[in-house]
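coords.cif follows (mmCIF, C-alpha atoms):
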data_final
#
loop_
_atom_site.group_PDB
_atom_site.id
_atom_site.type_symbol
_atom_site.label_atom_id
_atom_site.label_comp_id
_atom_site.auth_asym_id
_atom_site.auth_seq_id
_atom_site.Cartn_x
_atom_site.Cartn_y
_atom_site.Cartn_z
ATOM 1 C CA MET A 1 82.475 78.988 -9.663
ATOM 2 C CA THR A 2 79.468 78.726 -11.935
ATOM 3 C CA SER A 3 76.578 80.599 -10.339
ATOM 4 C CA LYS A 4 73.900 78.183 -11.650
ATOM 5 C CA PRO A 5 75.750 74.884 -11.874
ATOM 6 C CA LEU A 6 72.595 72.851 -12.559
ATOM 7 C CA GLY A 7 71.228 75.384 -15.039
ATOM 8 C CA ASN A 8 67.680 74.751 -13.867
ATOM 9 C CA ASN A 9 66.078 73.805 -10.580
ATOM 10 C CA LYS A 10 63.227 71.605 -11.781
ATOM 11 C CA VAL A 11 63.750 68.156 -10.398
ATOM 12 C CA MET A 12 62.435 65.679 -12.958
ATOM 13 C CA GLN A 13 63.100 62.294 -11.394
ATOM 14 C CA VAL A 14 63.523 60.562 -8.066
ATOM 15 C CA GLY A 15 65.510 57.323 -8.189
ATOM 16 C CA LEU A 16 64.840 54.433 -5.839
ATOM 17 C CA ILE A 17 67.087 51.391 -5.559
ATOM 18 C CA VAL A 18 65.195 48.138 -4.995
ATOM 19 C CA GLU A 19 66.252 44.560 -4.349
ATOM 20 C CA ASN A 20 63.558 42.962 -6.458
ATOM 21 C CA ILE A 21 62.073 45.154 -9.155
ATOM 22 C CA GLU A 22 59.362 42.665 -10.184
ATOM 23 C CA ALA A 23 57.914 42.737 -6.661
ATOM 24 C CA ALA A 24 58.493 46.491 -6.250
ATOM 25 C CA VAL A 25 56.687 47.309 -9.506
ATOM 26 C CA GLN A 26 53.626 45.357 -8.349
ATOM 27 C CA ASP A 27 53.669 46.989 -4.898
ATOM 28 C CA TRP A 28 54.049 50.534 -6.263
ATOM 29 C CA ALA A 29 51.424 49.988 -8.971
ATOM 30 C CA ARG A 30 48.918 48.860 -6.345
ATOM 31 C CA LEU A 31 49.822 51.791 -4.091
ATOM 32 C CA LEU A 32 49.470 54.349 -6.894
ATOM 33 C CA GLY A 33 46.409 52.647 -8.397
ATOM 34 C CA VAL A 34 47.981 52.362 -11.863
ATOM 35 C CA LYS A 35 48.887 49.600 -14.305
ATOM 36 C CA PRO A 36 52.342 48.112 -13.633
ATOM 37 C CA PRO A 37 54.848 49.691 -16.052
ATOM 38 C CA SER A 38 57.160 47.528 -18.140
ATOM 39 C CA ILE A 39 60.634 46.695 -16.871
ATOM 40 C CA ALA A 40 63.582 47.545 -19.127
ATOM 41 C CA ILE A 41 67.230 46.529 -18.833
ATOM 42 C CA THR A 42 69.954 49.105 -19.443
ATOM 43 C CA ALA A 43 72.103 48.374 -22.491
ATOM 44 C CA PRO A 44 75.299 46.345 -22.122
ATOM 45 C CA PHE A 45 78.688 48.054 -22.075
ATOM 46 C CA ASP A 46 79.227 48.120 -25.849
ATOM 47 C CA THR A 47 76.146 50.329 -26.247
ATOM 48 C CA ALA A 48 75.835 52.111 -22.895
ATOM 49 C CA ASN A 49 79.573 52.780 -22.507
ATOM 50 C CA THR A 50 79.055 52.680 -18.747
ATOM 51 C CA HIS A 51 81.928 54.136 -16.740
ATOM 52 C CA TYR A 52 82.194 53.957 -12.968
ATOM 53 C CA GLN A 53 84.919 55.973 -11.231
ATOM 54 C CA ASP A 54 86.348 56.719 -14.702
ATOM 55 C CA LYS A 55 86.744 53.036 -15.606
ATOM 56 C CA PRO A 56 84.624 50.898 -17.936
ATOM 57 C CA SER A 57 82.031 48.863 -16.001
ATOM 58 C CA PRO A 58 79.957 45.870 -17.105
ATOM 59 C CA ALA A 59 77.236 46.767 -14.578
ATOM 60 C CA GLN A 60 73.660 47.113 -15.765
ATOM 61 C CA ALA A 61 70.282 47.657 -14.095
ATOM 62 C CA LYS A 62 66.620 46.823 -14.474
ATOM 63 C CA LEU A 63 64.488 49.975 -14.616
ATOM 64 C CA ALA A 64 60.801 50.858 -14.319
ATOM 65 C CA PHE A 65 59.163 54.276 -14.279
ATOM 66 C CA PHE A 66 56.057 55.700 -12.605
ATOM 67 C CA ASP A 67 54.559 59.085 -13.472
ATOM 68 C CA LEU A 68 54.223 61.282 -10.363
ATOM 69 C CA GLY A 69 53.396 64.527 -12.180
ATOM 70 C CA GLN A 70 56.415 66.716 -13.019
ATOM 71 C CA VAL A 71 58.510 63.979 -11.494
ATOM 72 C CA THR A 72 59.097 60.382 -12.538
ATOM 73 C CA LEU A 73 59.754 57.744 -9.912
ATOM 74 C CA GLU A 74 62.477 55.459 -11.289
ATOM 75 C CA LEU A 75 62.842 52.014 -9.719
ATOM 76 C CA ILE A 76 66.301 50.544 -10.204
ATOM 77 C CA GLU A 77 67.489 47.005 -9.486
ATOM 78 C CA PRO A 78 71.268 46.719 -9.943
ATOM 79 C CA ILE A 79 72.675 43.924 -12.114
ATOM 80 C CA GLY A 80 76.363 43.215 -11.571
ATOM 81 C CA GLU A 81 78.921 45.757 -10.420
ATOM 82 C CA PRO A 82 80.622 48.162 -9.999
ATOM 83 C CA SER A 83 77.945 50.835 -10.073
ATOM 84 C CA THR A 84 76.552 53.546 -7.845
ATOM 85 C CA TRP A 85 73.295 51.534 -7.911
ATOM 86 C CA ASN A 86 75.014 48.498 -6.444
ATOM 87 C CA ASP A 87 76.942 50.612 -3.911
ATOM 88 C CA GLN A 88 73.656 52.034 -2.611
ATOM 89 C CA LEU A 89 71.976 48.633 -2.343
ATOM 90 C CA ALA A 90 74.996 47.163 -0.539
ATOM 91 C CA ALA A 91 75.274 50.083 1.909
ATOM 92 C CA HIS A 92 71.607 50.926 2.556
ATOM 93 C CA GLY A 93 69.345 48.238 1.089
ATOM 94 C CA SER A 94 66.259 49.375 -0.815
ATOM 95 C CA SER A 95 66.389 53.165 -0.528
ATOM 96 C CA LEU A 96 66.110 56.486 -2.316
ATOM 97 C CA HIS A 97 69.229 57.025 -4.424
ATOM 98 C CA HIS A 98 69.097 60.233 -6.447
ATOM 99 C CA ILE A 99 67.224 63.268 -7.648
ATOM 100 C CA ALA A 100 67.676 64.101 -11.325
ATOM 101 C CA PHE A 101 67.777 67.320 -13.329
ATOM 102 C CA GLU A 102 67.687 67.718 -17.095
ATOM 103 C CA ILE A 103 70.624 69.694 -18.453
ATOM 104 C CA LYS A 104 72.173 70.729 -21.764
ATOM 105 C CA GLY A 105 75.951 70.405 -22.115
ATOM 106 C CA MET A 106 77.081 67.458 -20.017
ATOM 107 C CA ASP A 107 80.827 68.085 -19.805
ATOM 108 C CA GLU A 108 80.418 71.757 -18.960
ATOM 109 C CA HIS A 109 77.947 70.913 -16.196
ATOM 110 C CA LEU A 110 80.194 68.197 -14.801
ATOM 111 C CA ARG A 111 83.057 70.679 -14.551
ATOM 112 C CA GLY A 112 80.823 73.199 -12.764
ATOM 113 C CA LEU A 113 79.497 70.595 -10.340
ATOM 114 C CA ALA A 114 82.985 69.317 -9.509
ATOM 115 C CA GLU A 115 83.740 72.865 -8.301
ATOM 116 C CA HIS A 116 80.768 72.566 -5.950
ATOM 117 C CA GLY A 117 82.075 69.365 -4.360
ATOM 118 C CA LEU A 118 80.112 67.059 -6.669
ATOM 119 C CA PRO A 119 82.581 64.781 -8.448
ATOM 120 C CA LEU A 120 81.473 62.393 -11.181
ATOM 121 C CA ILE A 121 80.824 58.801 -10.013
ATOM 122 C CA GLN A 122 79.242 57.135 -13.021
ATOM 123 C CA ARG A 123 78.164 57.963 -16.540
ATOM 124 C CA GLY A 124 76.651 56.178 -19.490
ATOM 125 C CA GLU A 125 74.491 56.474 -22.561
ATOM 126 C CA TYR A 126 70.974 55.461 -23.537
ATOM 127 C CA GLU A 127 69.079 55.741 -26.764
ATOM 128 C CA GLY A 128 68.716 59.461 -27.415
ATOM 129 C CA GLY A 129 70.816 60.764 -24.561
ATOM 130 C CA ARG A 130 73.270 60.321 -21.754
ATOM 131 C CA TYR A 131 73.362 60.460 -17.951
ATOM 132 C CA ALA A 132 75.869 61.164 -15.238
ATOM 133 C CA TYR A 133 75.695 60.683 -11.489
ATOM 134 C CA VAL A 134 77.665 63.031 -9.256
ATOM 135 C CA ASP A 135 78.547 62.105 -5.715
ATOM 136 C CA GLY A 136 76.694 64.387 -3.348
ATOM 137 C CA GLN A 137 76.209 61.835 -0.598
ATOM 138 C CA LYS A 138 78.564 63.452 1.920
ATOM 139 C CA LYS A 139 78.021 67.134 1.200
ATOM 140 C CA PHE A 140 74.447 67.128 -0.171
ATOM 141 C CA GLY A 141 73.005 63.923 1.317
ATOM 142 C CA THR A 142 72.163 62.422 -2.068
ATOM 143 C CA VAL A 143 73.511 61.393 -5.425
ATOM 144 C CA ILE A 144 72.454 63.891 -8.109
ATOM 145 C CA GLU A 145 71.820 62.760 -11.664
ATOM 146 C CA LEU A 146 72.180 64.832 -14.806
ATOM 147 C CA LEU A 147 70.129 63.782 -17.830
ATOM 148 C CA GLU A 148 70.837 65.149 -21.289
ATOM 149 C CA ASN A 149 68.442 64.270 -24.070
ATOM 150 C CA ASP A 150 69.362 65.100 -27.669
ATOM 151 C CA MET B 1 41.793 47.249 -0.247
ATOM 152 C CA THR B 2 41.377 50.837 -1.377
ATOM 153 C CA SER B 3 42.177 51.040 -5.088
ATOM 154 C CA LYS B 4 43.761 54.532 -4.871
ATOM 155 C CA PRO B 5 45.187 54.594 -1.361
ATOM 156 C CA LEU B 6 47.098 57.855 -1.909
ATOM 157 C CA GLY B 7 44.201 59.505 -3.718
ATOM 158 C CA ASN B 8 46.585 61.317 -6.074
ATOM 159 C CA ASN B 9 49.965 60.505 -7.573
ATOM 160 C CA LYS B 10 51.546 63.947 -7.649
ATOM 161 C CA VAL B 11 54.580 63.892 -5.440
ATOM 162 C CA MET B 12 54.932 67.329 -3.865
ATOM 163 C CA GLN B 13 57.995 67.037 -1.671
ATOM 164 C CA VAL B 14 61.235 65.143 -1.303
ATOM 165 C CA GLY B 15 62.654 65.053 2.225
ATOM 166 C CA LEU B 16 66.364 64.950 2.947
ATOM 167 C CA ILE B 17 67.816 64.341 6.401
ATOM 168 C CA VAL B 18 70.973 66.345 7.111
ATOM 169 C CA GLU B 19 73.415 66.455 9.989
ATOM 170 C CA ASN B 20 73.947 70.207 9.913
ATOM 171 C CA ILE B 21 71.176 72.222 8.331
ATOM 172 C CA GLU B 22 73.017 75.567 8.473
ATOM 173 C CA ALA B 23 75.831 74.157 6.305
ATOM 174 C CA ALA B 24 73.429 72.197 4.065
ATOM 175 C CA VAL B 25 71.284 75.266 3.363
ATOM 176 C CA GLN B 26 74.358 77.195 2.221
ATOM 177 C CA ASP B 27 75.599 74.304 0.041
ATOM 178 C CA TRP B 28 72.212 73.721 -1.606
ATOM 179 C CA ALA B 29 71.606 77.451 -2.145
ATOM 180 C CA ARG B 30 74.943 77.768 -3.947
ATOM 181 C CA LEU B 31 74.243 74.645 -5.983
ATOM 182 C CA LEU B 32 70.778 75.836 -7.016
ATOM 183 C CA GLY B 33 71.885 79.453 -7.467
ATOM 184 C CA VAL B 34 69.227 80.812 -5.110
ATOM 185 C CA LYS B 35 69.087 82.798 -1.878
ATOM 186 C CA PRO B 36 69.410 80.589 1.233
ATOM 187 C CA PRO B 37 65.915 79.985 2.655
ATOM 188 C CA SER B 38 65.166 80.611 6.323
ATOM 189 C CA ILE B 39 65.423 77.754 8.800
ATOM 190 C CA ALA B 40 62.369 77.018 10.958
ATOM 191 C CA ILE B 41 62.019 74.766 14.005
ATOM 192 C CA THR B 42 59.021 72.477 14.323
ATOM 193 C CA ALA B 43 56.739 73.326 17.221
ATOM 194 C CA PRO B 44 57.266 71.673 20.601
ATOM 195 C CA PHE B 45 55.053 68.812 21.756
ATOM 196 C CA ASP B 46 52.298 70.942 23.298
ATOM 197 C CA THR B 47 51.582 72.469 19.879
ATOM 198 C CA ALA B 48 52.768 69.826 17.392
ATOM 199 C CA ASN B 49 51.361 66.871 19.337
ATOM 200 C CA THR B 50 54.140 64.744 17.847
ATOM 201 C CA HIS B 51 53.576 61.004 18.168
ATOM 202 C CA TYR B 52 56.159 58.389 17.246
ATOM 203 C CA GLN B 53 55.083 54.747 17.199
ATOM 204 C CA ASP B 54 51.795 55.825 18.784
ATOM 205 C CA LYS B 55 53.481 57.442 21.804
ATOM 206 C CA PRO B 56 54.028 61.146 22.542
ATOM 207 C CA SER B 57 57.523 62.288 21.518
ATOM 208 C CA PRO B 58 59.444 65.431 22.469
ATOM 209 C CA ALA B 59 61.452 65.221 19.202
ATOM 210 C CA GLN B 60 61.604 68.270 16.956
ATOM 211 C CA ALA B 61 63.478 69.193 13.775
ATOM 212 C CA LYS B 62 64.976 72.159 11.996
ATOM 213 C CA LEU B 63 63.494 72.567 8.500
ATOM 214 C CA ALA B 64 64.341 74.502 5.333
ATOM 215 C CA PHE B 65 62.642 74.370 1.933
ATOM 216 C CA PHE B 66 63.866 74.803 -1.648
ATOM 217 C CA ASP B 67 61.534 75.183 -4.632
ATOM 218 C CA LEU B 68 62.293 72.565 -7.320
ATOM 219 C CA GLY B 69 59.191 73.185 -9.443
ATOM 220 C CA GLN B 70 56.200 70.964 -8.604
ATOM 221 C CA VAL B 71 58.342 69.540 -5.851
ATOM 222 C CA THR B 72 59.808 71.109 -2.733
ATOM 223 C CA LEU B 73 63.106 69.843 -1.373
ATOM 224 C CA GLU B 74 62.793 69.762 2.420
ATOM 225 C CA LEU B 75 65.999 69.689 4.452
ATOM 226 C CA ILE B 76 65.508 68.249 7.934
ATOM 227 C CA GLU B 77 67.920 68.210 10.855
ATOM 228 C CA PRO B 78 66.558 66.125 13.728
ATOM 229 C CA ILE B 79 66.486 67.596 17.233
ATOM 230 C CA GLY B 80 66.121 65.038 20.014
ATOM 231 C CA GLU B 81 64.344 61.725 19.689
ATOM 232 C CA PRO B 82 62.496 59.458 19.095
ATOM 233 C CA SER B 83 61.566 60.357 15.547
ATOM 234 C CA THR B 84 61.741 58.849 12.083
ATOM 235 C CA TRP B 85 64.084 61.741 11.249
ATOM 236 C CA ASN B 86 66.527 60.707 13.944
ATOM 237 C CA ASP B 87 66.206 57.002 13.030
ATOM 238 C CA GLN B 88 67.222 57.806 9.461
ATOM 239 C CA LEU B 89 70.201 59.929 10.485
ATOM 240 C CA ALA B 90 71.413 57.248 12.908
ATOM 241 C CA ALA B 91 71.036 54.416 10.381
ATOM 242 C CA HIS B 92 72.111 56.110 7.135
ATOM 243 C CA GLY B 93 73.645 59.522 7.868
ATOM 244 C CA SER B 94 72.640 62.430 5.642
ATOM 245 C CA SER B 95 70.269 60.843 3.135
ATOM 246 C CA LEU B 96 66.957 61.044 1.320
ATOM 247 C CA HIS B 97 64.157 60.203 3.735
ATOM 248 C CA HIS B 98 60.718 60.503 2.156
ATOM 249 C CA ILE B 99 58.510 61.486 -0.726
ATOM 250 C CA ALA B 100 55.339 63.342 0.195
ATOM 251 C CA PHE B 101 51.829 63.481 -1.222
ATOM 252 C CA GLU B 102 49.050 65.906 -0.340
ATOM 253 C CA ILE B 103 45.870 64.188 0.756
ATOM 254 C CA LYS B 104 42.434 64.996 2.171
ATOM 255 C CA GLY B 105 41.177 62.851 5.038
ATOM 256 C CA MET B 106 44.155 61.740 7.093
ATOM 257 C CA ASP B 107 42.672 58.907 9.145
ATOM 258 C CA GLU B 108 40.929 57.329 6.157
ATOM 259 C CA HIS B 109 44.176 57.427 4.159
ATOM 260 C CA LEU B 110 46.153 55.972 7.041
ATOM 261 C CA ARG B 111 43.738 53.053 7.252
ATOM 262 C CA GLY B 112 44.033 52.439 3.494
ATOM 263 C CA LEU B 113 47.818 52.615 3.541
ATOM 264 C CA ALA B 114 48.083 50.223 6.481
ATOM 265 C CA GLU B 115 46.293 47.671 4.253
ATOM 266 C CA HIS B 116 49.069 48.185 1.673
ATOM 267 C CA GLY B 117 51.821 47.376 4.176
ATOM 268 C CA LEU B 118 52.429 51.005 5.114
ATOM 269 C CA PRO B 119 51.928 51.352 8.874
ATOM 270 C CA LEU B 120 52.029 54.739 10.596
ATOM 271 C CA ILE B 121 55.400 55.652 12.174
ATOM 272 C CA GLN B 122 54.983 59.253 13.186
ATOM 273 C CA ARG B 123 52.429 62.022 13.039
ATOM 274 C CA GLY B 124 52.120 65.611 14.131
ATOM 275 C CA GLU B 125 50.550 68.970 13.470
ATOM 276 C CA TYR B 126 51.706 72.285 12.080
ATOM 277 C CA GLU B 127 49.965 75.621 11.659
ATOM 278 C CA GLY B 128 47.200 74.975 9.141
ATOM 279 C CA GLY B 129 47.597 71.247 8.765
ATOM 280 C CA ARG B 130 48.963 67.894 9.822
ATOM 281 C CA TYR B 131 51.407 65.272 8.590
ATOM 282 C CA ALA B 132 51.950 61.559 8.931
ATOM 283 C CA TYR B 133 54.849 59.349 7.942
ATOM 284 C CA VAL B 134 54.154 55.749 6.984
ATOM 285 C CA ASP B 135 56.862 53.124 7.050
ATOM 286 C CA GLY B 136 57.572 51.979 3.508
ATOM 287 C CA GLN B 137 61.261 51.351 4.009
ATOM 288 C CA LYS B 138 61.102 47.571 3.713
ATOM 289 C CA LYS B 139 58.366 47.126 1.133
ATOM 290 C CA PHE B 140 58.623 50.398 -0.823
ATOM 291 C CA GLY B 141 62.231 51.488 -0.153
ATOM 292 C CA THR B 142 61.210 54.813 1.363
ATOM 293 C CA VAL B 143 59.186 56.503 4.030
ATOM 294 C CA ILE B 144 56.076 58.115 2.530
ATOM 295 C CA GLU B 145 54.634 61.290 3.998
ATOM 296 C CA LEU B 146 51.028 62.428 3.877
ATOM 297 C CA LEU B 147 50.362 66.150 4.158
ATOM 298 C CA GLU B 148 46.898 67.514 4.825
ATOM 299 C CA ASN B 149 46.389 71.256 4.704
ATOM 300 C CA ASP B 150 43.104 72.758 5.917
#

Encoded form (structure tokens):
Amino acid sequence: MTSKPLGNNKVMQVGLIVENIEAAVQDWARLLGVKPPSIAITAPFDTANTHYQDKPSPAQAKLAFFDLGQVTLELIEPIGEPSTWNDQLAAHGSSLHHIAFEIKGMDEHLRGLAEHGLPLIQRGEYEGGRYAYVDGQKKFGTVIELLEND
Amino acid sequence: MTSKPLGNNKVMQVGLIVENIEAAVQDWARLLGVKPPSIAITAPFDTANTHYQDKPSPAQAKLAFFDLGQVTLELIEPIGEPSTWNDQLAAHGSSLHHIAFEIKGMDEHLRGLAEHGLPLIQRGEYEGGRYAYVDGQKKFGTVIELLEND
């Protein structure tokens, strides 16, 4: 087994699934005393190449980000399915979904994490990088996200 | 309403409820490539003065902490009830429970947060400080913890 499967231990993001991102952005902005951030929509399949459980998925999400220091709080409202975002909303309602680490070398890390009981659930691409979610809900209590920026 | 009800926006802790902290500590230590941290038990009522929904509670928890940079990952296994820890385990199983912010002036912050739809669920004391959890699960998707160290 890889002895440092994440490569680094600096969590860089906490992901929160919400039912209504427009309302959640206003609520969080008021709570944090900041300007509401803009809301983006993840790219459609032909750009994001979203795969869920190893199969192409048309699912997307609306996203908004708040700066909490080292860590970004990511609000996520699922659009369509199948996705780990939609699974979480269906099973638990609005709730914390993942903690994210930045890595270099996605496929190598995914192999190492699978050996630690963290199989891939979903992956996709964004401008300048790619992400993968591994399923730690049973063994680790949370989905873990890997982010690789070029 | 207070314009900065948290006072600062640096998240300092992410809390994760687990069913079996001894197993979870080993799994997380292997994943992070670090030595397993020690497991502590929160103080009993006569020291911790734990209150849940404004009433004294005998609930305790086993705790362990991992350093993730600015943020600490806190593993929590509930012992007894009633507590927000036990509520989370019963409703969602092992899962992310809270994000925590360090504040100064607990009662003033609790008043400000109540105005933002974040009522107090549970509070207690530890050596050198005190904590409070406010109920953001419906409006904010997560419990929020306030930590005040003397």

Which is closer to B:Leu147 than all the others in B:Asp135, B:His116, B:Asp46, B:Leu110, using only C-alpha atoms?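 Ranked by minimum distance to B:Leu147, first place goes to B:Leu110.
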
Sort by chain and increasing residue number a table of all residues of chain A within 8 Å of chain B, each with its closest pair of atoms and their distance in Å to one decimal, counting all atoms listed in the file, and write it as JSON lines.
{"residue": "A:Ser3", "atom": "CA", "partner": "B:Gly33", "partner_atom": "CA", "distance": 5.6}
{"residue": "A:Lys4", "atom": "CA", "partner": "B:Gly33", "partner_atom": "CA", "distance": 4.8}
{"residue": "A:Pro5", "atom": "CA", "partner": "B:Leu31", "partner_atom": "CA", "distance": 6.1}
{"residue": "A:Leu6", "atom": "CA", "partner": "B:Leu32", "partner_atom": "CA", "distance": 6.6}
{"residue": "A:Asn8", "atom": "CA", "partner": "B:Leu32", "partner_atom": "CA", "distance": 7.6}
{"residue": "A:Asn9", "atom": "CA", "partner": "B:Leu68", "partner_atom": "CA", "distance": 5.1}
{"residue": "A:Lys10", "atom": "CA", "partner": "B:Leu68", "partner_atom": "CA", "distance": 4.7}
{"residue": "A:Val11", "atom": "CA", "partner": "B:Leu68", "partner_atom": "CA", "distance": 5.6}
{"residue": "A:Leu16", "atom": "CA", "partner": "B:Gly141", "partner_atom": "CA", "distance": 6.9}
{"residue": "A:Ile17", "atom": "CA", "partner": "B:Gly141", "partner_atom": "CA", "distance": 7.3}
{"residue": "A:Val18", "atom": "CA", "partner": "B:Gly141", "partner_atom": "CA", "distance": 6.6}
{"residue": "A:Ala24", "atom": "CA", "partner": "B:Phe140", "partner_atom": "CA", "distance": 6.7}
{"residue": "A:Asp27", "atom": "CA", "partner": "B:Phe140", "partner_atom": "CA", "distance": 7.3}
{"residue": "A:Trp28", "atom": "CA", "partner": "B:Phe140", "partner_atom": "CA", "distance": 7.1}
{"residue": "A:Arg30", "atom": "CA", "partner": "B:Ser3", "partner_atom": "CA", "distance": 7.2}
{"residue": "A:Leu31", "atom": "CA", "partner": "B:Pro5", "partner_atom": "CA", "distance": 6.1}
{"residue": "A:Leu32", "atom": "CA", "partner": "B:Lys4", "partner_atom": "CA", "distance": 6.1}
{"residue": "A:Gly33", "atom": "CA", "partner": "B:Lys4", "partner_atom": "CA", "distance": 4.8}
{"residue": "A:Asp67", "atom": "CA", "partner": "B:Asn9", "partner_atom": "CA", "distance": 7.6}
{"residue": "A:Leu68", "atom": "CA", "partner": "B:Lys10", "partner_atom": "CA", "distance": 4.7}
{"residue": "A:Gly69", "atom": "CA", "partner": "B:Lys10", "partner_atom": "CA", "distance": 4.9}
{"residue": "A:Gln70", "atom": "CA", "partner": "B:Gln70", "partner_atom": "CA", "distance": 6.1}
{"residue": "A:Val71", "atom": "CA", "partner": "B:Val11", "partner_atom": "CA", "distance": 7.2}
{"residue": "A:His92", "atom": "CA", "partner": "B:His92", "partner_atom": "CA", "distance": 6.9}
{"residue": "A:Gly93", "atom": "CA", "partner": "B:Gly141", "partner_atom": "CA", "distance": 7.9}
{"residue": "A:Ser94", "atom": "CA", "partner": "B:Gly141", "partner_atom": "CA", "distance": 4.6}
{"residue": "A:Ser95", "atom": "CA", "partner": "B:Gly141", "partner_atom": "CA", "distance": 4.5}
{"residue": "A:Leu96", "atom": "CA", "partner": "B:Leu96", "partner_atom": "CA", "distance": 5.9}
{"residue": "A:His97", "atom": "CA", "partner": "B:Leu96", "partner_atom": "CA", "distance": 7.4}
{"residue": "A:Leu113", "atom": "CA", "partner": "B:Leu31", "partner_atom": "CA", "distance": 7.9}
{"residue": "A:His116", "atom": "CA", "partner": "B:Leu31", "partner_atom": "CA", "distance": 6.8}
{"residue": "A:Gln137", "atom": "CA", "partner": "B:Ser95", "partner_atom": "CA", "distance": 7.1}
{"residue": "A:Lys138", "atom": "CA", "partner": "B:Ser94", "partner_atom": "CA", "distance": 7.1}
{"residue": "A:Lys139", "atom": "CA", "partner": "B:Ala24", "partner_atom": "CA", "distance": 7.4}
{"residue": "A:Phe140", "atom": "CA", "partner": "B:Ala24", "partner_atom": "CA", "distance": 6.7}
{"residue": "A:Gly141", "atom": "CA", "partner": "B:Ser95", "partner_atom": "CA", "distance": 4.5}
{"residue": "A:Thr142", "atom": "CA", "partner": "B:Ser95", "partner_atom": "CA", "distance": 5.8}

To test your reading of the syntax: which residues would the PyMOL selection byres ((chain B and resi 149) around 6) return for the file shown? Reply as a ChimeraX atom specification. /B:128-129,148,150

| query | In Å, with one decimal, what is the gap from atom CA of A:Ala48 to atom CA of A:Glu127? | reply |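 A separation of 8.6 Å between them.
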
- prompt: So which residues are close to (77.0, 69.0, -21.3), meaning at most 10 Å away in the file's coordinates with all atoms listed in the file counted, and can you show them as a ChimeraX atom specification?
  reply: /A:103-111,130-132,146-148

(message) Running the PyMOL selection byres ((chain A and resi 49) around 12) on this model by hand, what would come out? Give it as a list of chain:residue names.
(response)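 Matching residues under the PyMOL selection byres ((chain A and resi 49) around 12) are A:Thr42, A:Ala43, A:Pro44, A:Phe45, A:Asp46, A:Thr47, A:Ala48, A:Thr50, A:His51, A:Tyr52, A:Asp54, A:Lys55, A:Pro56, A:Ser57, A:Pro58, A:Ala59, A:Gln60, A:Gln122, A:Arg123, A:Gly124, A:Glu125, A:Tyr126, A:Glu127, A:Arg130, A:Tyr131, A:Ala132.
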
Kindly save the residues from that selection, with C-alpha atoms included, as a PDB file, in the frame of the given file.
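Listing of selection.pdb after writing:
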ATOM      1  CA  THR A  42      69.954  49.105 -19.443  1.00  0.00           C
ATOM      2  CA  ALA A  43      72.103  48.374 -22.491  1.00  0.00           C
ATOM      3  CA  PRO A  44      75.299  46.345 -22.122  1.00  0.00           C
ATOM      4  CA  PHE A  45      78.688  48.054 -22.075  1.00  0.00           C
ATOM      5  CA  ASP A  46      79.227  48.120 -25.849  1.00  0.00           C
ATOM      6  CA  THR A  47      76.146  50.329 -26.247  1.00  0.00           C
ATOM      7  CA  ALA A  48      75.835  52.111 -22.895  1.00  0.00           C
ATOM      8  CA  THR A  50      79.055  52.680 -18.747  1.00  0.00           C
ATOM      9  CA  HIS A  51      81.928  54.136 -16.740  1.00  0.00           C
ATOM     10  CA  TYR A  52      82.194  53.957 -12.968  1.00  0.00           C
ATOM     11  CA  ASP A  54      86.348  56.719 -14.702  1.00  0.00           C
ATOM     12  CA  LYS A  55      86.744  53.036 -15.606  1.00  0.00           C
ATOM     13  CA  PRO A  56      84.624  50.898 -17.936  1.00  0.00           C
ATOM     14  CA  SER A  57      82.031  48.863 -16.001  1.00  0.00           C
ATOM     15  CA  PRO A  58      79.957  45.870 -17.105  1.00  0.00           C
ATOM     16  CA  ALA A  59      77.236  46.767 -14.578  1.00  0.00           C
ATOM     17  CA  GLN A  60      73.660  47.113 -15.765  1.00  0.00           C
ATOM     18  CA  GLN A 122      79.242  57.135 -13.021  1.00  0.00           C
ATOM     19  CA  ARG A 123      78.164  57.963 -16.540  1.00  0.00           C
ATOM     20  CA  GLY A 124      76.651  56.178 -19.490  1.00  0.00           C
ATOM     21  CA  GLU A 125      74.491  56.474 -22.561  1.00  0.00           C
ATOM     22  CA  TYR A 126      70.974  55.461 -23.537  1.00  0.00           C
ATOM     23  CA  GLU A 127      69.079  55.741 -26.764  1.00  0.00           C
ATOM     24  CA  ARG A 130      73.270  60.321 -21.754  1.00  0.00           C
ATOM     25  CA  TYR A 131      73.362  60.460 -17.951  1.00  0.00           C
ATOM     26  CA  ALA A 132      75.869  61.164 -15.238  1.00  0.00           C
TER      27      ALA A 132
END

Of B:Ala100, B:Ala61, B:Val134, B:Ile39, the one nearest to B:Asn86 when counting all atoms listed in the file is B:Ala61

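Nearest residue to A:Thr84 among A:Ala114, A:Leu63, A:Gln26, A:Ile144 is A:Ile144, counting only C-alpha atoms.
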
Atom pair atom CA of A:Pro36 + atom CA of A:Gln13, distance 17.9 Å

Atom pair atom CA of B:Ala90 + atom CA of B:Glu77, distance 11.7 Å

Box centre and edge lengths (Å, one decimal), axis-aligned, stretch 117-134 of chain A plus 8 Å each side, as AutoDock Vina command-line options:
--center_x 75.6 --center_y 62.4 --center_z -15.9 --size_x 29.9 --size_y 29.9 --size_z 39.1
